[in-house]
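Asker: Contents of target-v9.cif (mmCIF, C-alpha atoms, pLDDT in the B column; chains and numbers go by the auth columns) are given next:
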data_target
loop_
_atom_site.group_PDB
_atom_site.id
_atom_site.type_symbol
_atom_site.label_atom_id
_atom_site.label_comp_id
_atom_site.label_asym_id
_atom_site.label_seq_id
_atom_site.Cartn_x
_atom_site.Cartn_y
_atom_site.Cartn_z
_atom_site.B_iso_or_equiv
_atom_site.auth_seq_id
_atom_site.auth_asym_id
ATOM 1 C CA MET A 1 19.749 -11.324 8.420 47.00 1 A
ATOM 2 C CA GLY A 2 21.949 -9.726 5.780 53.00 2 A
ATOM 3 C CA ASN A 3 21.474 -6.061 4.998 83.00 3 A
ATOM 4 C CA ARG A 4 18.021 -5.275 6.359 93.00 4 A
ATOM 5 C CA ILE A 5 15.416 -4.119 3.906 97.00 5 A
ATOM 6 C CA TRP A 6 12.428 -2.245 5.310 97.00 6 A
ATOM 7 C CA ILE A 7 9.398 -2.390 3.018 98.00 7 A
ATOM 8 C CA PHE A 8 6.702 0.124 3.909 98.00 8 A
ATOM 9 C CA ASP A 9 3.182 0.190 2.618 98.00 9 A
ATOM 10 C CA LEU A 10 2.030 3.792 2.120 98.00 10 A
ATOM 11 C CA ASP A 11 -1.658 4.419 2.856 97.00 11 A
ATOM 12 C CA ASP A 12 -2.688 3.670 6.448 97.00 12 A
ATOM 13 C CA THR A 13 0.866 2.617 7.260 97.00 13 A
ATOM 14 C CA LEU A 14 3.102 5.660 6.791 97.00 14 A
ATOM 15 C CA HIS A 15 0.156 8.029 7.135 97.00 15 A
ATOM 16 C CA ASN A 16 -3.537 7.941 8.001 96.00 16 A
ATOM 17 C CA ALA A 17 -5.402 7.650 4.691 96.00 17 A
ATOM 18 C CA SER A 18 -8.673 6.428 6.211 95.00 18 A
ATOM 19 C CA ALA A 19 -9.518 9.816 7.715 95.00 19 A
ATOM 20 C CA HIS A 20 -9.802 11.939 4.556 95.00 20 A
ATOM 21 C CA ILE A 21 -8.255 10.232 1.531 96.00 21 A
ATOM 22 C CA PHE A 22 -9.929 6.814 1.337 94.00 22 A
ATOM 23 C CA PRO A 23 -13.518 8.113 1.539 94.00 23 A
ATOM 24 C CA VAL A 24 -12.840 10.366 -1.480 94.00 24 A
ATOM 25 C CA MET A 25 -10.979 7.620 -3.334 94.00 25 A
ATOM 26 C CA ASN A 26 -13.702 5.050 -2.692 93.00 26 A
ATOM 27 C CA ARG A 27 -16.355 7.431 -4.006 94.00 27 A
ATOM 28 C CA ALA A 28 -14.213 8.134 -7.078 96.00 28 A
ATOM 29 C CA MET A 29 -13.821 4.396 -7.762 96.00 29 A
ATOM 30 C CA THR A 30 -17.555 3.780 -7.428 96.00 30 A
ATOM 31 C CA GLN A 31 -18.239 6.756 -9.732 97.00 31 A
ATOM 32 C CA TYR A 32 -15.725 5.451 -12.276 97.00 32 A
ATOM 33 C CA ILE A 33 -17.478 2.067 -12.362 97.00 33 A
ATOM 34 C CA MET A 34 -20.882 3.777 -12.701 97.00 34 A
ATOM 35 C CA ASP A 35 -19.639 5.877 -15.631 97.00 35 A
ATOM 36 C CA HIS A 36 -17.674 3.227 -17.481 96.00 36 A
ATOM 37 C CA LEU A 37 -19.811 0.134 -16.892 97.00 37 A
ATOM 38 C CA ASP A 38 -23.123 2.015 -16.919 97.00 38 A
ATOM 39 C CA LEU A 39 -24.206 0.798 -13.474 97.00 39 A
ATOM 40 C CA ASP A 40 -26.232 2.475 -10.744 97.00 40 A
ATOM 41 C CA GLU A 41 -24.474 3.418 -7.523 97.00 41 A
ATOM 42 C CA VAL A 42 -25.539 0.377 -5.490 97.00 42 A
ATOM 43 C CA SER A 43 -24.440 -2.082 -8.193 97.00 43 A
ATOM 44 C CA ALA A 44 -21.166 -0.229 -8.739 97.00 44 A
ATOM 45 C CA HIS A 45 -20.425 -0.247 -5.002 95.00 45 A
ATOM 46 C CA HIS A 46 -21.145 -3.995 -4.780 96.00 46 A
ATOM 47 C CA LEU A 47 -18.952 -4.752 -7.789 97.00 47 A
ATOM 48 C CA ARG A 48 -16.078 -2.748 -6.283 95.00 48 A
ATOM 49 C CA GLN A 49 -16.413 -4.637 -2.971 94.00 49 A
ATOM 50 C CA HIS A 50 -16.674 -7.958 -4.824 95.00 50 A
ATOM 51 C CA TYR A 51 -13.397 -7.404 -6.713 94.00 51 A
ATOM 52 C CA TRP A 52 -11.753 -6.135 -3.557 91.00 52 A
ATOM 53 C CA HIS A 53 -12.626 -9.377 -1.757 90.00 53 A
ATOM 54 C CA ILE A 54 -11.604 -11.670 -4.614 90.00 54 A
ATOM 55 C CA TYR A 55 -8.449 -9.921 -5.801 88.00 55 A
ATOM 56 C CA GLY A 56 -7.467 -7.590 -2.980 82.00 56 A
ATOM 57 C CA ALA A 57 -7.683 -4.730 -5.478 87.00 57 A
ATOM 58 C CA THR A 58 -10.648 -3.289 -7.378 92.00 58 A
ATOM 59 C CA LEU A 59 -8.440 -2.525 -10.370 93.00 59 A
ATOM 60 C CA LYS A 60 -7.501 -6.152 -10.951 91.00 60 A
ATOM 61 C CA GLY A 61 -11.134 -7.184 -11.373 94.00 61 A
ATOM 62 C CA LEU A 62 -11.874 -4.281 -13.706 96.00 62 A
ATOM 63 C CA VAL A 63 -8.877 -5.020 -15.927 94.00 63 A
ATOM 64 C CA ARG A 64 -9.500 -8.769 -15.986 94.00 64 A
ATOM 65 C CA HIS A 65 -13.261 -8.751 -16.510 96.00 65 A
ATOM 66 C CA HIS A 66 -14.010 -5.440 -18.239 97.00 66 A
ATOM 67 C CA GLY A 67 -10.842 -4.523 -20.120 96.00 67 A
ATOM 68 C CA THR A 68 -10.481 -1.314 -18.104 96.00 68 A
ATOM 69 C CA ASN A 69 -7.380 0.744 -18.941 97.00 69 A
ATOM 70 C CA PRO A 70 -5.451 0.642 -15.640 96.00 70 A
ATOM 71 C CA HIS A 71 -3.615 3.943 -16.239 95.00 71 A
ATOM 72 C CA HIS A 72 -6.876 5.781 -16.918 96.00 72 A
ATOM 73 C CA PHE A 73 -8.584 4.246 -13.880 96.00 73 A
ATOM 74 C CA LEU A 74 -5.707 5.221 -11.558 95.00 74 A
ATOM 75 C CA GLN A 75 -5.462 8.729 -12.951 94.00 75 A
ATOM 76 C CA GLU A 76 -9.202 9.341 -12.548 95.00 76 A
ATOM 77 C CA THR A 77 -9.451 7.908 -9.018 95.00 77 A
ATOM 78 C CA HIS A 78 -6.329 9.535 -7.514 95.00 78 A
ATOM 79 C CA ARG A 79 -6.725 13.159 -8.636 91.00 79 A
ATOM 80 C CA PHE A 80 -6.838 14.947 -5.267 92.00 80 A
ATOM 81 C CA ASP A 81 -6.429 18.626 -6.138 91.00 81 A
ATOM 82 C CA ASN A 82 -6.213 19.407 -2.407 94.00 82 A
ATOM 83 C CA LEU A 83 -3.918 16.555 -1.361 95.00 83 A
ATOM 84 C CA HIS A 84 -1.645 18.777 0.766 94.00 84 A
ATOM 85 C CA GLU A 85 -4.694 19.726 2.871 94.00 85 A
ATOM 86 C CA ILE A 86 -5.857 16.161 3.556 94.00 86 A
ATOM 87 C CA VAL A 87 -2.613 14.280 4.195 95.00 87 A
ATOM 88 C CA ILE A 88 -2.236 14.024 7.975 94.00 88 A
ATOM 89 C CA GLN A 89 1.285 14.839 9.146 92.00 89 A
ATOM 90 C CA THR A 90 2.921 12.653 11.780 88.00 90 A
ATOM 91 C CA LYS A 91 5.455 14.278 14.089 89.00 91 A
ATOM 92 C CA ARG A 92 8.723 12.358 14.422 94.00 92 A
ATOM 93 C CA LEU A 93 8.021 10.192 11.353 97.00 93 A
ATOM 94 C CA ARG A 94 11.084 11.467 9.494 97.00 94 A
ATOM 95 C CA HIS A 95 13.264 11.098 12.577 96.00 95 A
ATOM 96 C CA MET A 96 12.068 7.513 13.167 96.00 96 A
ATOM 97 C CA LEU A 97 12.730 6.494 9.544 96.00 97 A
ATOM 98 C CA GLN A 98 16.196 8.051 9.575 95.00 98 A
ATOM 99 C CA SER A 99 17.071 6.064 12.696 93.00 99 A
ATOM 100 C CA LEU A 100 16.365 2.683 11.020 93.00 100 A
ATOM 101 C CA PRO A 101 19.522 0.932 9.821 92.00 101 A
ATOM 102 C CA GLY A 102 19.313 -0.669 6.376 94.00 102 A
ATOM 103 C CA ARG A 103 17.627 -0.101 3.031 96.00 103 A
ATOM 104 C CA LYS A 104 14.143 1.445 2.932 97.00 104 A
ATOM 105 C CA LEU A 105 11.501 1.434 0.250 98.00 105 A
ATOM 106 C CA VAL A 106 7.796 1.967 -0.288 98.00 106 A
ATOM 107 C CA PHE A 107 5.599 -0.757 -1.839 98.00 107 A
ATOM 108 C CA THR A 108 2.113 0.516 -2.615 97.00 108 A
ATOM 109 C CA ASN A 109 -0.970 -0.420 -4.632 95.00 109 A
ATOM 110 C CA ALA A 110 -1.369 3.278 -5.365 95.00 110 A
ATOM 111 C CA PRO A 111 -0.137 4.869 -8.599 96.00 111 A
ATOM 112 C CA ARG A 112 3.354 6.355 -8.623 97.00 112 A
ATOM 113 C CA ASN A 113 2.277 9.964 -9.126 96.00 113 A
ATOM 114 C CA TYR A 114 0.005 9.890 -6.046 97.00 114 A
ATOM 115 C CA ALA A 115 2.589 8.029 -3.918 98.00 115 A
ATOM 116 C CA MET A 116 5.321 10.559 -4.724 98.00 116 A
ATOM 117 C CA ARG A 117 3.010 13.477 -3.914 97.00 117 A
ATOM 118 C CA VAL A 118 2.094 11.978 -0.519 98.00 118 A
ATOM 119 C CA LEU A 119 5.734 11.255 0.359 98.00 119 A
ATOM 120 C CA GLU A 120 6.726 14.821 -0.602 97.00 120 A
ATOM 121 C CA ILE A 121 3.929 16.263 1.553 97.00 121 A
ATOM 122 C CA LEU A 122 5.116 14.075 4.462 97.00 122 A
ATOM 123 C CA ARG A 123 8.656 15.345 3.689 97.00 123 A
ATOM 124 C CA ILE A 124 10.147 11.856 3.645 98.00 124 A
ATOM 125 C CA GLU A 125 10.494 11.193 -0.111 97.00 125 A
ATOM 126 C CA ASP A 126 14.306 11.388 0.048 98.00 126 A
ATOM 127 C CA LEU A 127 14.551 8.592 2.652 98.00 127 A
ATOM 128 C CA PHE A 128 13.529 5.753 0.308 98.00 128 A
ATOM 129 C CA GLU A 129 15.749 4.218 -2.334 97.00 129 A
ATOM 130 C CA LEU A 130 12.711 3.014 -4.284 97.00 130 A
ATOM 131 C CA VAL A 131 8.990 3.661 -4.562 98.00 131 A
ATOM 132 C CA PHE A 132 7.491 0.459 -5.979 98.00 132 A
ATOM 133 C CA SER A 133 4.007 1.455 -7.140 98.00 133 A
ATOM 134 C CA VAL A 134 1.208 -0.534 -8.755 95.00 134 A
ATOM 135 C CA GLU A 135 2.684 0.298 -12.176 96.00 135 A
ATOM 136 C CA SER A 136 6.000 -1.252 -11.030 97.00 136 A
ATOM 137 C CA THR A 137 4.183 -4.547 -10.356 96.00 137 A
ATOM 138 C CA GLN A 138 2.692 -4.426 -13.887 94.00 138 A
ATOM 139 C CA PHE A 139 -0.667 -4.144 -12.099 93.00 139 A
ATOM 140 C CA HIS A 140 -0.214 -7.311 -10.040 92.00 140 A
ATOM 141 C CA ALA A 141 -1.265 -5.400 -6.921 91.00 141 A
ATOM 142 C CA LYS A 142 -0.730 -6.723 -3.415 94.00 142 A
ATOM 143 C CA PRO A 143 -1.566 -9.326 -2.155 94.00 143 A
ATOM 144 C CA SER A 144 -0.585 -11.021 -5.460 93.00 144 A
ATOM 145 C CA SER A 145 2.750 -12.782 -4.996 96.00 145 A
ATOM 146 C CA ARG A 146 3.738 -11.754 -8.554 96.00 146 A
ATOM 147 C CA GLY A 147 4.067 -8.134 -7.434 96.00 147 A
ATOM 148 C CA PHE A 148 6.234 -9.185 -4.495 98.00 148 A
ATOM 149 C CA GLN A 149 8.425 -11.338 -6.774 97.00 149 A
ATOM 150 C CA ARG A 150 8.954 -8.403 -9.124 97.00 150 A
ATOM 151 C CA LEU A 151 9.939 -6.257 -6.163 98.00 151 A
ATOM 152 C CA LEU A 152 12.494 -8.789 -4.888 98.00 152 A
ATOM 153 C CA HIS A 153 13.885 -9.155 -8.405 97.00 153 A
ATOM 154 C CA THR A 154 14.210 -5.363 -8.743 97.00 154 A
ATOM 155 C CA LEU A 155 16.002 -5.164 -5.384 96.00 155 A
ATOM 156 C CA SER A 156 18.172 -8.235 -6.089 95.00 156 A
ATOM 157 C CA ALA A 157 17.128 -9.245 -2.580 96.00 157 A
ATOM 158 C CA LYS A 158 16.109 -12.350 -0.683 96.00 158 A
ATOM 159 C CA ALA A 159 12.740 -12.368 1.082 97.00 159 A
ATOM 160 C CA ASN A 160 14.277 -13.294 4.419 96.00 160 A
ATOM 161 C CA ASP A 161 16.257 -10.036 4.465 96.00 161 A
ATOM 162 C CA CYS A 162 12.991 -8.071 4.253 97.00 162 A
ATOM 163 C CA ILE A 163 10.655 -6.677 6.893 97.00 163 A
ATOM 164 C CA MET A 164 7.207 -5.788 5.579 98.00 164 A
ATOM 165 C CA LEU A 165 5.130 -3.114 7.340 98.00 165 A
ATOM 166 C CA GLU A 166 1.513 -3.082 6.280 98.00 166 A
ATOM 167 C CA ASP A 167 -2.018 -2.456 7.492 97.00 167 A
ATOM 168 C CA SER A 168 -3.425 -5.130 5.155 95.00 168 A
ATOM 169 C CA LEU A 169 -3.454 -8.711 6.429 96.00 169 A
ATOM 170 C CA PRO A 170 -3.721 -10.400 2.998 95.00 170 A
ATOM 171 C CA ALA A 171 -0.541 -8.574 1.892 97.00 171 A
ATOM 172 C CA LEU A 172 1.232 -9.638 5.088 98.00 172 A
ATOM 173 C CA MET A 173 0.128 -13.218 4.503 98.00 173 A
ATOM 174 C CA THR A 174 1.860 -13.186 1.102 98.00 174 A
ATOM 175 C CA ALA A 175 4.950 -11.547 2.602 98.00 175 A
ATOM 176 C CA LYS A 176 5.160 -14.212 5.311 98.00 176 A
ATOM 177 C CA ARG A 177 4.663 -17.043 2.831 98.00 177 A
ATOM 178 C CA LEU A 178 7.630 -15.717 0.832 98.00 178 A
ATOM 179 C CA GLY A 179 9.784 -15.630 3.980 98.00 179 A
ATOM 180 C CA MET A 180 9.633 -11.976 5.038 98.00 180 A
ATOM 181 C CA LYS A 181 9.287 -10.736 8.610 97.00 181 A
ATOM 182 C CA THR A 182 5.851 -9.173 9.039 98.00 182 A
ATOM 183 C CA VAL A 183 4.794 -6.124 11.042 97.00 183 A
ATOM 184 C CA TRP A 184 1.087 -5.299 11.141 98.00 184 A
ATOM 185 C CA VAL A 185 0.264 -1.633 11.675 97.00 185 A
ATOM 186 C CA SER A 186 -3.152 -1.823 13.313 97.00 186 A
ATOM 187 C CA LYS A 187 -5.097 -0.818 16.407 94.00 187 A
ATOM 188 C CA LYS A 188 -6.727 -4.263 16.460 94.00 188 A
ATOM 189 C CA LEU A 189 -5.516 -6.516 19.229 87.00 189 A
ATOM 190 C CA HIS A 190 -5.986 -9.996 17.794 89.00 190 A
ATOM 191 C CA LYS A 191 -2.806 -10.953 15.925 92.00 191 A
ATOM 192 C CA PRO A 192 -2.959 -13.724 13.286 96.00 192 A
ATOM 193 C CA ASN A 193 -0.128 -16.266 13.366 95.00 193 A
ATOM 194 C CA PHE A 194 1.456 -15.026 10.107 97.00 194 A
ATOM 195 C CA VAL A 195 2.068 -11.638 11.769 97.00 195 A
ATOM 196 C CA ASP A 196 5.365 -11.447 13.673 97.00 196 A
ATOM 197 C CA TYR A 197 4.655 -8.115 15.376 96.00 197 A
ATOM 198 C CA ARG A 198 1.686 -5.795 15.746 96.00 198 A
ATOM 199 C CA ILE A 199 2.184 -2.069 16.352 96.00 199 A
ATOM 200 C CA SER A 200 -0.580 0.519 16.640 95.00 200 A
ATOM 201 C CA SER A 201 1.453 3.158 14.795 95.00 201 A
ATOM 202 C CA VAL A 202 4.489 3.069 12.531 95.00 202 A
ATOM 203 C CA LEU A 203 6.266 5.254 15.122 94.00 203 A
ATOM 204 C CA ALA A 204 6.250 2.296 17.529 93.00 204 A
ATOM 205 C CA LEU A 205 8.671 0.497 15.232 91.00 205 A
ATOM 206 C CA THR A 206 11.552 1.714 17.372 85.00 206 A
ATOM 207 C CA HIS A 207 10.163 -0.234 20.353 82.00 207 A
ATOM 208 C CA ILE A 208 10.243 -3.724 18.857 81.00 208 A
ATOM 209 C CA LYS A 209 13.277 -5.966 18.711 79.00 209 A
ATOM 210 C CA LEU A 210 13.539 -7.320 15.194 76.00 210 A
#
Can you dump the structure from the file as structure tokens?
Answerer:
Amino acid sequence: MGNRIWIFDLDDTLHNASAHIFPVMNRAMTQYIMDHLDLDEVSAHHLRQHYWHIYGATLKGLVRHHGTNPHHFLQETHRFDNLHEIVIQTKRLRHMLQSLPGRKLVFTNAPRNYAMRVLEILRIEDLFELVFSVESTQFHAKPSSRGFQRLLHTLSAKANDCIMLEDSLPALMTAKRLGMKTVWVSKKLHKPNFVDYRISSVLALTHIKL
């Protein structure tokens, strides 16, 4: 490997978003679909799940099939007035990241404004040379390979210099197909063959030989 490039997903990789953030975000997305497509809650929930399964991102389906304004959708679904109260801090996270040799960046399907706020709350925003948000991909959210290609182009990097850390298997599948090393952050034990390493927490990164 040349100069190592560590690519970190944000939500449920660098911090636990499932506990408090995702439930609120999921409700906000369902509400947005109800309001803008005039659907009842059950239909809106099903449509959100449907697009999630097909595209890996609700937003992609809404933009493609309903002409939704992506900026408006992201702004409305990532408000979080009390974000500093619901982001779960991880002890030693900053120390672990500082100890990694190489370039470090964040690649997230979240909007930039939200991502920066979370990183500031975690007190690690200064450790990344780049935060590549869904706007940076021109709304080709992970697992779309177009978003990954844009990222590599922006970094002037080769895929085989990159190590992708992610909780989402479809995103890791794309990363592997492009030639990246893949690290799955998950408590699940069964490891698919496109995953090089599985760790139960990002802090365990220091224990694997890459």
Asker: Between atom CA of A:Asn109 and atom CA of A:Val134, measure the distance and give it in Å to one decimal.
Answerer: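 Atom CA of A:Asn109 sits 4.7 Å away from atom CA of A:Val134.
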Asker: Please list, as a PyMOL selection string, the residues that have an atom at most 12 Å away from (-0.4, -12.3, 4.4) in the coordinates of this file, counting only C-alpha atoms.
Answerer: chain A and resi 56+142-145+148+164-184+191-196
Asker: Quick check, in Å to one decimal: how far apart do atom CA of A:Pro23 and atom CA of A:Leu97 lie?
Answerer: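 These two atoms are separated by 27.5 Å.
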Asker: Measure the distance from atom CA of A:Val185 to atom CA of A:His71 in Å and round it to one decimal.
Answerer: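 The value is 28.7 Å.
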Asker: Pull out every residue that the PyMOL selection byres ((chain A and resi 94) around 12) matches in the shown coordinates and put them as a ChimeraX atom specification.
Answerer: /A:14-15,89-93,95-100,119-128,202-203
Asker: Keeping only C-alpha atoms, write the selected residues to a file as a PDB file, keeping the file's coordinate frame.
Answerer:
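Output (selection_1.pdb):
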ATOM      1  CA  LEU A  14       3.102   5.660   6.791  1.00 97.00           C
ATOM      2  CA  HIS A  15       0.156   8.029   7.135  1.00 97.00           C
ATOM      3  CA  GLN A  89       1.285  14.839   9.146  1.00 92.00           C
ATOM      4  CA  THR A  90       2.921  12.653  11.780  1.00 88.00           C
ATOM      5  CA  LYS A  91       5.455  14.278  14.089  1.00 89.00           C
ATOM      6  CA  ARG A  92       8.723  12.358  14.422  1.00 94.00           C
ATOM      7  CA  LEU A  93       8.021  10.192  11.353  1.00 97.00           C
ATOM      8  CA  HIS A  95      13.264  11.098  12.577  1.00 96.00           C
ATOM      9  CA  MET A  96      12.068   7.513  13.167  1.00 96.00           C
ATOM     10  CA  LEU A  97      12.730   6.494   9.544  1.00 96.00           C
ATOM     11  CA  GLN A  98      16.196   8.051   9.575  1.00 95.00           C
ATOM     12  CA  SER A  99      17.071   6.064  12.696  1.00 93.00           C
ATOM     13  CA  LEU A 100      16.365   2.683  11.020  1.00 93.00           C
ATOM     14  CA  LEU A 119       5.734  11.255   0.359  1.00 98.00           C
ATOM     15  CA  GLU A 120       6.726  14.821  -0.602  1.00 97.00           C
ATOM     16  CA  ILE A 121       3.929  16.263   1.553  1.00 97.00           C
ATOM     17  CA  LEU A 122       5.116  14.075   4.462  1.00 97.00           C
ATOM     18  CA  ARG A 123       8.656  15.345   3.689  1.00 97.00           C
ATOM     19  CA  ILE A 124      10.147  11.856   3.645  1.00 98.00           C
ATOM     20  CA  GLU A 125      10.494  11.193  -0.111  1.00 97.00           C
ATOM     21  CA  ASP A 126      14.306  11.388   0.048  1.00 98.00           C
ATOM     22  CA  LEU A 127      14.551   8.592   2.652  1.00 98.00           C
ATOM     23  CA  PHE A 128      13.529   5.753   0.308  1.00 98.00           C
ATOM     24  CA  VAL A 202       4.489   3.069  12.531  1.00 95.00           C
ATOM     25  CA  LEU A 203       6.266   5.254  15.122  1.00 94.00           C
TER      26      LEU A 203
END
Asker: Starting from the PyMOL selection byres ((chain A and resi 111) around 8), expand the selection into actual residues of this file and give them as a VMD selection string.
Answerer: chain A and resid 74 to 75 78 108 to 110 112 to 115 133 to 135
Asker: Keeping C-alpha atoms for every residue in the selection just given, could you write it to a file as a CSV table (one decimal), keeping the file's coordinate frame?
Answerer:
chain,number,residue,atom,x,y,z
A,74,LEU,CA,-5.7,5.2,-11.6
A,75,GLN,CA,-5.5,8.7,-13.0
A,78,HIS,CA,-6.3,9.5,-7.5
A,108,THR,CA,2.1,0.5,-2.6
A,109,ASN,CA,-1.0,-0.4,-4.6
A,110,ALA,CA,-1.4,3.3,-5.4
A,112,ARG,CA,3.4,6.4,-8.6
A,113,ASN,CA,2.3,10.0,-9.1
A,114,TYR,CA,0.0,9.9,-6.0
A,115,ALA,CA,2.6,8.0,-3.9
A,133,SER,CA,4.0,1.5,-7.1
A,134,VAL,CA,1.2,-0.5,-8.8
A,135,GLU,CA,2.7,0.3,-12.2
Asker: Quick check on the file I pasted: which residues fall under the PyMOL selection byres ((chain A and resi 152) around 12)? Write them as an MDAnalysis selection string.
Answerer: chainID A and resid 5 7 105 107 130 132 136:137 145:151 153:162 175 178:180
Asker: Complete stretch 180-192 of chain A at the level of N, CA and C atoms, written as a compact mmCIF listing (two decimals), keeping the file's coordinate frame.
Answerer:
# COMPACT_ATOMS: atom_id res chain seq x y z
N MET A 180 9.33 -13.27 4.43
CA MET A 180 9.63 -11.98 5.04
C MET A 180 9.19 -11.95 6.50
N LYS A 181 9.81 -11.06 7.29
CA LYS A 181 9.29 -10.74 8.61
C LYS A 181 8.09 -9.82 8.41
N THR A 182 7.07 -9.95 9.25
CA THR A 182 5.85 -9.17 9.04
C THR A 182 5.50 -8.32 10.26
N VAL A 183 5.21 -7.05 10.00
CA VAL A 183 4.79 -6.12 11.04
C VAL A 183 3.46 -5.52 10.62
N TRP A 184 2.44 -5.77 11.43
CA TRP A 184 1.09 -5.30 11.14
C TRP A 184 0.85 -3.98 11.86
N VAL A 185 0.56 -2.94 11.09
CA VAL A 185 0.26 -1.63 11.68
C VAL A 185 -1.25 -1.54 11.83
N SER A 186 -1.71 -1.72 13.07
CA SER A 186 -3.15 -1.82 13.31
C SER A 186 -3.46 -1.56 14.78
N LYS A 187 -4.64 -1.01 15.02
CA LYS A 187 -5.10 -0.82 16.41
C LYS A 187 -5.78 -2.09 16.93
N LYS A 188 -6.06 -3.03 16.03
CA LYS A 188 -6.73 -4.26 16.46
C LYS A 188 -5.79 -5.08 17.34
N LEU A 189 -6.35 -5.81 18.27
CA LEU A 189 -5.52 -6.52 19.23
C LEU A 189 -5.24 -7.96 18.84
N HIS A 190 -6.18 -8.59 18.15
CA HIS A 190 -5.99 -10.00 17.79
C HIS A 190 -4.96 -10.10 16.67
N LYS A 191 -3.89 -10.85 16.89
CA LYS A 191 -2.81 -10.95 15.92
C LYS A 191 -2.81 -12.33 15.28
N PRO A 192 -3.02 -12.41 13.95
CA PRO A 192 -2.96 -13.72 13.29
C PRO A 192 -1.54 -14.31 13.35
